[in-house]
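So this block is coords_13.cif, mmCIF, C-alpha atoms:
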data_run
#
loop_
_atom_site.label_atom_id
_atom_site.label_comp_id
_atom_site.auth_asym_id
_atom_site.auth_seq_id
_atom_site.Cartn_x
_atom_site.Cartn_y
_atom_site.Cartn_z
CA GLY A 970 -2.19 0.52 -7.61
CA GLY A 971 0.17 1.08 -10.52
CA ILE A 972 1.31 -2.54 -10.39
CA PHE A 973 -2.26 -3.85 -10.30
CA LEU A 974 -3.24 -1.62 -13.22
CA THR A 975 -0.32 -2.35 -15.52
CA ALA A 976 -0.52 -6.07 -14.79
CA GLY A 977 -4.25 -6.06 -15.47
CA LEU A 978 -3.75 -4.28 -18.81
CA GLY A 979 -1.23 -6.91 -19.89
CA ILE A 980 1.71 -4.49 -19.80
CA LEU A 981 3.56 -5.79 -16.74
CA ARG A 982 4.47 -9.44 -17.35
CA GLU A 983 7.35 -10.13 -14.95
CA MET A 984 8.54 -8.69 -11.66
CA PHE A 985 11.75 -9.04 -9.72
CA CYS A 986 9.99 -9.77 -6.46
CA LYS A 987 9.81 -12.25 -3.60
CA HIS A 988 6.20 -13.37 -3.65
CA GLU A 989 6.14 -14.19 0.07
CA ASN A 990 7.15 -10.65 1.09
CA LYS A 991 4.72 -8.33 2.82
CA ALA A 992 3.21 -5.47 0.87
CA ASP A 993 2.20 -2.79 3.36
CA LEU A 994 -1.04 -1.90 1.62
CA VAL A 995 -3.07 0.33 3.94
CA PRO A 996 -6.83 0.92 3.47
CA VAL A 997 -7.60 4.63 3.35
CA ASP A 998 -10.29 4.32 6.05
CA PHE A 999 -7.56 3.09 8.44
CA VAL A 1000 -5.60 6.27 7.78
CA VAL A 1001 -8.67 8.47 8.23
CA ALA A 1002 -9.77 6.73 11.44
CA THR A 1003 -6.25 6.96 12.91
CA THR A 1004 -6.02 10.66 12.02
CA ILE A 1005 -9.40 11.44 13.64
CA LYS A 1006 -8.53 9.60 16.85
CA LEU A 1007 -5.10 11.22 16.92
CA LEU A 1008 -6.53 14.73 16.54
CA HIS A 1009 -8.99 14.01 19.35
CA ARG A 1010 -6.27 12.73 21.67
CA THR A 1011 -3.92 15.59 20.83
CA ALA A 1012 -6.58 18.18 21.66
CA THR A 1013 -7.57 16.55 24.95
CA PHE A 1014 -3.95 15.99 26.00
CA TYR A 1015 -2.81 19.57 25.47
CA HIS A 1016 -6.03 21.02 26.84
CA GLY A 1017 -5.32 19.14 30.06
CA ARG A 1018 -1.71 20.32 30.05
CA LYS A 1019 -2.81 23.95 29.72
CA ALA A 1020 -5.24 23.50 32.59
CA GLU A 1021 -2.43 22.08 34.74
CA ALA A 1022 -0.12 24.96 33.88
CA GLY A 1023 -2.81 27.49 34.77
CA ALA A 1024 -3.59 25.88 38.11
CA GLY A 1025 -0.01 25.57 39.34
CA ALA A 1026 3.30 27.35 39.09
CA PRO A 1027 4.59 28.21 35.62
CA ARG A 1028 6.46 25.31 34.11
CA ALA A 1029 8.68 24.99 31.09
CA ILE A 1030 7.04 23.78 27.89
CA ALA A 1031 8.97 21.02 26.22
CA ALA A 1032 8.41 19.58 22.77
CA PRO A 1033 6.95 16.07 22.63
CA SER A 1034 9.60 13.44 23.09
CA VAL A 1035 10.63 11.61 19.94
CA ASN A 1036 9.76 7.95 20.15
CA VAL A 1037 10.33 6.56 16.69
CA THR A 1038 8.72 3.13 16.55
CA GLY A 1039 8.99 3.10 12.81
CA ALA A 1040 10.01 0.60 10.18
CA SER A 1041 12.22 -2.42 10.43
CA VAL A 1042 13.27 -4.11 7.23
CA LYS A 1043 14.59 -7.43 6.04
CA GLY A 1044 16.84 -7.47 3.02
CA GLY A 1045 19.56 -4.92 3.47
CA ALA A 1046 18.10 -1.56 4.52
CA THR A 1047 20.22 0.40 6.97
CA ASP A 1048 19.23 2.12 10.18
CA VAL A 1049 19.32 5.39 8.27
CA ALA A 1050 16.67 4.11 5.87
CA VAL A 1051 14.58 2.90 8.77
CA ALA A 1052 14.78 6.26 10.49
CA ALA A 1053 13.98 8.06 7.24
CA ALA A 1054 10.90 5.91 6.69
CA SER A 1055 9.71 6.67 10.20
CA ALA A 1056 10.50 10.39 10.03
CA SER A 1057 8.51 10.75 6.80
CA ALA A 1058 5.30 10.35 8.78
CA GLN A 1059 3.53 13.57 9.66
CA GLN A 1060 4.69 15.09 12.90
CA GLN A 1061 1.52 14.20 14.78
CA VAL A 1062 1.36 13.50 18.49
CA GLN A 1063 -0.69 11.38 20.85
CA ALA A 1064 -0.78 10.61 24.56
CA PRO A 1065 0.60 7.18 25.42
CA GLY A 1066 -1.66 4.55 26.86
CA PRO A 1067 -1.11 3.79 30.53
CA SER A 1068 -0.15 0.21 29.72
CA SER A 1069 2.25 1.09 26.90
CA ALA A 1070 5.59 1.79 28.57
CA SER A 1071 7.43 1.76 25.24
CA SER A 1072 5.29 4.65 23.99
CA THR A 1073 5.88 6.93 26.95
CA GLY A 1074 8.26 9.84 27.21
CA THR A 1075 8.93 11.89 30.32
CA ASN A 1076 10.48 15.23 31.18
CA ASP A 1077 11.44 16.33 34.68
CA ASN A 1078 9.73 19.69 34.21
CA VAL A 1079 6.52 18.77 32.40
CA GLY A 1080 5.81 15.12 33.21
CA PRO A 1081 4.56 12.66 30.59
CA THR A 1082 4.89 13.70 26.98
CA MET A 1083 3.57 12.21 23.78
CA PRO A 1084 5.09 9.88 21.16
CA PHE A 1085 6.14 11.58 17.97
CA VAL A 1086 5.47 9.02 15.22
CA TYR A 1087 2.30 7.11 14.42
CA GLN A 1088 2.11 4.40 11.77
CA SER A 1089 -1.16 3.53 10.10
CA CYS A 1090 -0.07 0.16 8.77
CA THR A 1091 -1.00 -3.47 8.23
CA SER A 1092 2.41 -5.13 7.97
CA SER A 1093 2.85 -5.57 11.73
CA SER A 1094 -0.31 -7.68 12.00
CA LEU A 1095 -0.72 -11.42 11.55
CA ASN A 1096 -3.06 -10.71 8.62
CA ALA A 1097 -0.47 -8.98 6.47
CA MET A 1098 -0.93 -8.47 2.75
CA ARG A 1099 1.61 -10.39 0.64
CA TRP A 1100 2.52 -10.07 -3.03
CA GLN A 1101 1.31 -13.59 -3.77
CA VAL A 1102 -2.21 -12.60 -2.69
CA ALA A 1103 -2.12 -9.73 -5.18
CA HIS A 1104 -1.13 -12.16 -7.92
CA THR A 1105 -3.95 -14.61 -7.20
CA ALA A 1106 -6.52 -11.77 -7.08
CA VAL A 1107 -5.41 -9.42 -9.87
CA ILE A 1108 -4.88 -11.93 -12.69
CA PRO A 1109 -8.24 -13.79 -12.54
CA TYR A 1110 -10.19 -10.55 -12.04
CA TRP A 1111 -8.72 -8.70 -15.02
CA ASN A 1112 -8.95 -11.74 -17.27
CA ALA A 1113 -12.60 -12.24 -16.31
CA HIS A 1114 -13.26 -8.55 -17.03
CA PRO A 1115 -10.73 -7.47 -19.70
CA HIS A 1116 -10.36 -3.74 -20.20
CA PRO A 1117 -10.87 -2.31 -23.71
CA LYS A 1118 -7.38 -0.76 -23.61
CA ALA A 1119 -5.60 -3.96 -22.54
CA ILE A 1120 -2.79 -4.98 -24.89
CA GLY A 1121 -3.13 -8.65 -23.96
CA PRO A 1122 -4.27 -11.05 -21.24
CA ALA A 1123 -3.20 -10.35 -17.69
CA GLU A 1124 -0.32 -12.53 -16.55
CA PHE A 1125 2.95 -11.98 -14.75
CA THR A 1126 5.69 -14.05 -13.21
CA PHE A 1127 7.69 -13.47 -10.03
CA MET A 1128 11.41 -13.58 -10.77
CA PRO A 1129 13.62 -14.33 -7.73
CA SER A 1130 16.82 -13.26 -9.51
CA TRP A 1131 17.59 -9.77 -10.80
CA TRP A 1132 19.63 -11.09 -13.72
CA SER A 1133 16.98 -13.62 -14.76
CA TYR A 1134 14.43 -10.80 -14.66
CA ARG A 1135 16.61 -8.53 -16.83
CA VAL A 1136 17.34 -11.27 -19.38
CA ARG A 1137 13.64 -12.15 -19.65
CA PHE A 1138 12.56 -8.49 -19.88
CA ILE A 1139 15.08 -7.65 -22.61
CA ALA A 1140 14.54 -10.87 -24.60
CA LEU A 1141 10.74 -10.94 -24.45
CA ARG A 1142 9.86 -7.24 -24.25
CA VAL A 1143 12.60 -4.88 -25.43
CA ILE A 1144 14.02 -6.79 -28.42
CA PRO A 1145 10.61 -7.65 -29.96
CA VAL A 1146 9.32 -4.08 -29.71
CA MET A 1147 12.54 -2.74 -31.22
CA GLY A 1148 12.18 -5.23 -34.09
CA MET A 1149 8.57 -4.19 -34.70
CA LYS A 1150 9.59 -0.55 -34.58
CA ALA A 1151 12.24 -1.12 -37.24
CA ALA A 1152 9.80 -3.12 -39.41
CA ALA A 1153 7.18 -0.38 -39.16
CA SER A 1154 9.65 2.03 -40.77
CA LEU A 1155 10.29 -0.16 -43.82
CA PRO A 1156 8.68 0.73 -47.16
CA TYR A 1157 5.68 -1.36 -48.22
CA VAL A 1158 5.51 -2.84 -44.71
CA GLY A 1159 5.21 0.07 -42.34
CA SER A 1160 2.49 2.66 -42.14
CA PRO A 1161 1.74 5.73 -39.99
CA GLN A 1162 -0.89 3.73 -38.09
CA ARG A 1163 1.52 0.90 -37.34
CA LYS A 1164 4.20 3.36 -36.25
CA LYS A 1165 1.72 4.96 -33.87
CA LEU A 1166 0.73 1.61 -32.38
CA ILE A 1167 4.35 0.51 -31.99
CA THR A 1168 5.24 3.82 -30.32
CA ARG A 1169 2.43 3.31 -27.79
CA LEU A 1170 3.59 -0.26 -27.15
CA GLU A 1171 7.19 0.92 -26.71
CA LYS A 1172 6.12 3.50 -24.14
CA ALA A 1173 4.08 0.90 -22.27
CA ILE A 1174 6.98 -1.58 -22.18
CA PHE A 1175 9.48 0.94 -20.87
CA ARG A 1176 6.94 2.30 -18.43
CA SER A 1177 6.59 -1.19 -16.94
CA GLY A 1178 10.38 -1.36 -16.56
CA ASP A 1179 10.40 2.03 -14.85
CA LEU A 1180 7.62 0.87 -12.52
CA GLN A 1181 9.78 -2.08 -11.50
CA ARG A 1182 12.64 0.32 -10.75
CA GLN A 1183 10.45 2.59 -8.61
CA PHE A 1184 9.02 -0.25 -6.52
CA LEU A 1185 12.25 -2.23 -6.29
CA PRO A 1186 12.99 -1.42 -2.60
CA PHE A 1187 9.50 -2.50 -1.56
CA MET A 1188 9.30 -5.64 -3.69
CA THR A 1189 12.68 -7.13 -2.78
CA ASN A 1190 12.68 -6.12 0.90
CA GLU A 1191 10.13 -6.80 3.58
CA TRP A 1192 9.13 -3.67 5.49
CA THR A 1193 7.35 -4.03 8.82
CA PHE A 1194 5.98 -0.90 10.47
CA ASP A 1195 5.14 -0.71 14.17
CA ASN A 1196 1.61 0.54 14.94
CA THR A 1197 1.90 0.34 18.75
CA ASN A 1198 1.32 4.07 19.21
CA SER A 1199 -1.65 4.12 16.84
CA ALA A 1200 -3.26 1.09 18.50
CA GLY A 1201 -2.94 2.83 21.88
CA LEU A 1202 -5.33 5.56 20.73
CA ASP A 1203 -8.30 3.28 21.42
CA GLU A 1204 -7.63 3.58 25.15
CA TYR A 1205 -8.75 7.22 25.08
CA VAL A 1206 -12.05 6.99 23.21
CA LEU A 1207 -15.46 5.63 24.18
CA PRO A 1208 -16.46 2.06 23.19
CA GLU A 1209 -18.92 3.34 20.59
CA GLN A 1210 -16.19 5.55 19.13
CA GLN A 1211 -13.82 2.59 18.99
CA LYS A 1212 -16.41 0.70 16.98
CA ARG A 1213 -16.99 3.59 14.60
CA PHE A 1214 -13.28 4.21 13.97
CA GLU A 1215 -12.01 0.64 14.02
CA CYS A 1216 -8.63 -0.31 12.54
CA ASP A 1217 -8.75 -4.08 12.95
CA THR A 1218 -6.62 -5.71 10.25
CA PHE A 1219 -8.23 -9.09 10.87
CA ASP A 1220 -11.43 -7.74 9.31
CA ILE A 1221 -9.70 -7.37 5.92
CA ASN A 1222 -10.14 -10.03 3.25
CA TRP A 1223 -7.14 -9.11 1.10
CA HIS A 1224 -8.26 -11.11 -1.94
CA ALA A 1225 -11.60 -9.27 -2.02
CA TYR A 1226 -9.85 -5.98 -1.22
CA VAL A 1227 -7.55 -6.26 -4.25
CA GLU A 1228 -10.48 -7.12 -6.53
CA MET A 1229 -12.42 -4.10 -5.24
CA TYR A 1230 -9.29 -1.97 -5.62
CA SER A 1231 -9.04 -3.02 -9.29
CA TYR A 1232 -12.73 -2.28 -9.82
CA GLY A 1233 -12.30 1.18 -8.31
CA MET A 1234 -9.32 2.00 -10.54
CA VAL A 1235 -11.25 1.06 -13.67
CA LYS A 1236 -14.34 3.02 -12.73
CA TYR A 1237 -12.93 6.09 -10.98
CA ILE A 1238 -9.35 6.46 -12.24
CA MET A 1239 -9.68 5.27 -15.83
CA LYS A 1240 -13.29 6.54 -16.02
CA THR A 1241 -14.38 3.36 -17.81
CA ASP A 1242 -18.01 2.29 -17.57
CA ASP A 1243 -17.96 -1.10 -19.29
CA GLY A 1244 -20.77 -2.64 -17.27
CA ARG A 1245 -18.54 -4.80 -15.09
CA PRO A 1246 -20.22 -5.85 -11.82
CA MET A 1247 -18.91 -4.71 -8.47
CA PRO A 1248 -17.00 -7.54 -6.77
CA THR A 1249 -18.79 -9.22 -3.89
CA VAL A 1250 -17.25 -8.68 -0.47
CA PRO A 1251 -17.48 -11.74 1.80
CA ALA A 1252 -18.24 -11.44 5.48
CA SER A 1253 -15.29 -10.46 7.64
CA GLY A 1254 -13.74 -12.79 10.19
CA ARG A 1255 -15.46 -10.87 12.97
CA GLU A 1256 -18.87 -11.23 11.30
CA GLU A 1257 -18.34 -14.95 10.76
CA PHE A 1258 -17.37 -15.35 14.40
CA LEU A 1259 -20.49 -13.51 15.57
CA LYS A 1260 -22.70 -15.71 13.37
CA ALA A 1261 -21.09 -18.86 14.75
CA SER A 1262 -21.56 -17.58 18.32
CA LEU A 1263 -25.33 -17.06 17.99
#
For this file, write the structure as structure tokens.
Amino acid sequence: GGIFLTAGLGILREMFCKHENKADLVPVDFVVATTIKLLHRTATFYHGRKAEAGAGAPRAIAAPSVNVTGASVKGGATDVAVAAASASAQQQVQAPGPSSASSTGTNDNVGPTMPFVYQSCTSSSLNAMRWQVAHTAVIPYWNAHPHPKAIGPAEFTFMPSWWSYRVRFIALRVIPVMGMKAAASLPYVGSPQRKKLITRLEKAIFRSGDLQRQFLPFMTNEWTFDNTNSAGLDEYVLPEQQKRFECDTFDINWHAYVEMYSYGMVKYIMKTDDGRPMPTVPASGREEFLKASL
């Protein structure tokens, strides 16, 4: 969101990023649906375990087995980083599906246990969001609907080399703003208003550089999270519940999603009511398929 916003306001102009890399952007309704299904499965699983323990001889209670099916990464992350990314998920549990051997843990005393990590993600699907899609959606949208606080037209360039990015950023952003700042302090040229404007521009420029630093691991590496455990939750709910709490990544039109994301930031985060229309959302792949099948 921060990248979309600063690029749309004309602040972020270049990024050290591989445009073909995946950006694991996760719709919030996916997270909510996964959480609801997980809570349901957790309750039914442990309710059944308590019933078993009450009906038979007392048995030891073991913690759920840890089955970290977390993140794999291209570009230099270590196993420690992968484990840390996986362990950062909430310690939620779910019963494994009967057909998912990789998600099953066992204990001699208590029988099947539950996986420990669940990823609500999009990067492991064939319809993964990539940085290039963000570029082709963000720039036209913000230029068609410029924000009153934008400092210029929206445009940014992917830089494949760190040093080329730094040279461009310093030459085209840092040096000019430092020159304007010095000129604004000169007698007969500068003024309090100009100093104030240059100070705001300086903060915006260095904020864009700091944003690049914060997102560097995710823009130069490709993170792929495994959602096998989360997908297995559908085996334990009714068909109508599966439909209500769907998490099908193929239903996402990422171009339309990014446009709607930008619209939402303007209206609900920046609290700007400039009369811009809500972006149109095309029919999903599933809806198109159903139409063609009739």
*Go through the shown structure with the PyMOL selection byres ((chain A and resi 1006) around 10) and write out the matching residues as a PyMOL selection string.*
chain A and resi 1001-1005+1007-1011+1063+1199+1202-1203+1205-1206+1210-1211+1214
Report the residues retrieved by the PyMOL selection byres ((chain A and resi 1100) around 7) from the displayed file, expressed as a short mmCIF file (atom, residue, chain, number, x, y, z; two decimals) with C-alpha atoms, in the coordinates of the input.
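So the final result, stored in part.cif, reads:
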data_model
loop_
_atom_site.label_atom_id
_atom_site.label_comp_id
_atom_site.auth_asym_id
_atom_site.auth_seq_id
_atom_site.Cartn_x
_atom_site.Cartn_y
_atom_site.Cartn_z
CA HIS A 988 6.20 -13.37 -3.65
CA GLU A 989 6.14 -14.19 0.07
CA ASN A 990 7.15 -10.65 1.09
CA LYS A 991 4.72 -8.33 2.82
CA ALA A 992 3.21 -5.47 0.87
CA MET A 1098 -0.93 -8.47 2.75
CA ARG A 1099 1.61 -10.39 0.64
CA GLN A 1101 1.31 -13.59 -3.77
CA VAL A 1102 -2.21 -12.60 -2.69
CA ALA A 1103 -2.12 -9.73 -5.18
CA HIS A 1104 -1.13 -12.16 -7.92
#
Practice problem: Please identify all polymer residues within 10 Å of A:Cys1090, counting all atoms listed in the file, omitting same-chain residues fewer than 2 positions from it, and present them as a list in words. | Solution: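 Non-adjacent residues within range: Asp993, Leu994, Val995, Pro996, Phe999, Val1000, Tyr1087, Gln1088, Ser1092, Ser1093, Ser1094, Ala1097, Thr1193, Phe1194, Asp1195, Asn1196, Ser1199, Cys1216 and Thr1218 of chain A.
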Take the PyMOL selection byres ((chain A and resi 1220-1234) around 9), apply it to the structure above, and return the hits as an MDAnalysis selection string. chainID A and resid 970 973:974 977 996 1096:1099 1102:1103 1105:1107 1110:1111 1216:1219 1235:1241 1245:1256
Handout entry: Spatial neighbours of stretch 1161-1177 of chain A, max dist 9 Å, all atoms listed in the file, sep filter under 4 positions, as a list in words
Key =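 Returned residues: Ile972, Thr975, Ala976, Ile980, Leu981, Arg982, Ile1120, Arg1142, Val1143, Val1146, Met1147, Met1149, Lys1150, Ala1153, Ser1154, Gln1181 and Arg1182 of chain A.
You will find atom CA of A:Arg1213 at 18.9 Å from atom CA of A:Phe1258.
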Selected residue of minimal separation from A:Ala1200 among A:Met984, A:Ser1089, A:Phe1127, A:Tyr1134, counting only C-alpha atoms: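 Under the stated criterion, the closest residue is A:Ser1089.
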Grab the atom CA of A:Ile1144 to atom CA of A:Ile1108 distance for me, in Å with one decimal place.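 Atom CA of A:Ile1108 lies at a distance of 25.1 Å from atom CA of A:Ile1144.
Using all atoms listed in the file for every distance, the candidate list A:Pro1084, A:Val1158, A:Lys1260, A:Asp1179 yields A:Pro1084 as the residue closest to A:Gly1201.
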Listed atoms of stretch 1170-1174 of chain A boxed along x, y and z, 4 Å each side, centre and edge lengths in Å, one decimal, as JSON:
{"center_x": 5.4, "center_y": 1.0, "center_z": -24.7, "size_x": 11.6, "size_y": 13.1, "size_z": 13.0}
Nearest to A:Ala1012, restricted to all atoms listed in the file and choosing among A:Leu978, A:Leu1141, A:Cys986, A:Met1083, comes out as A:Met1083
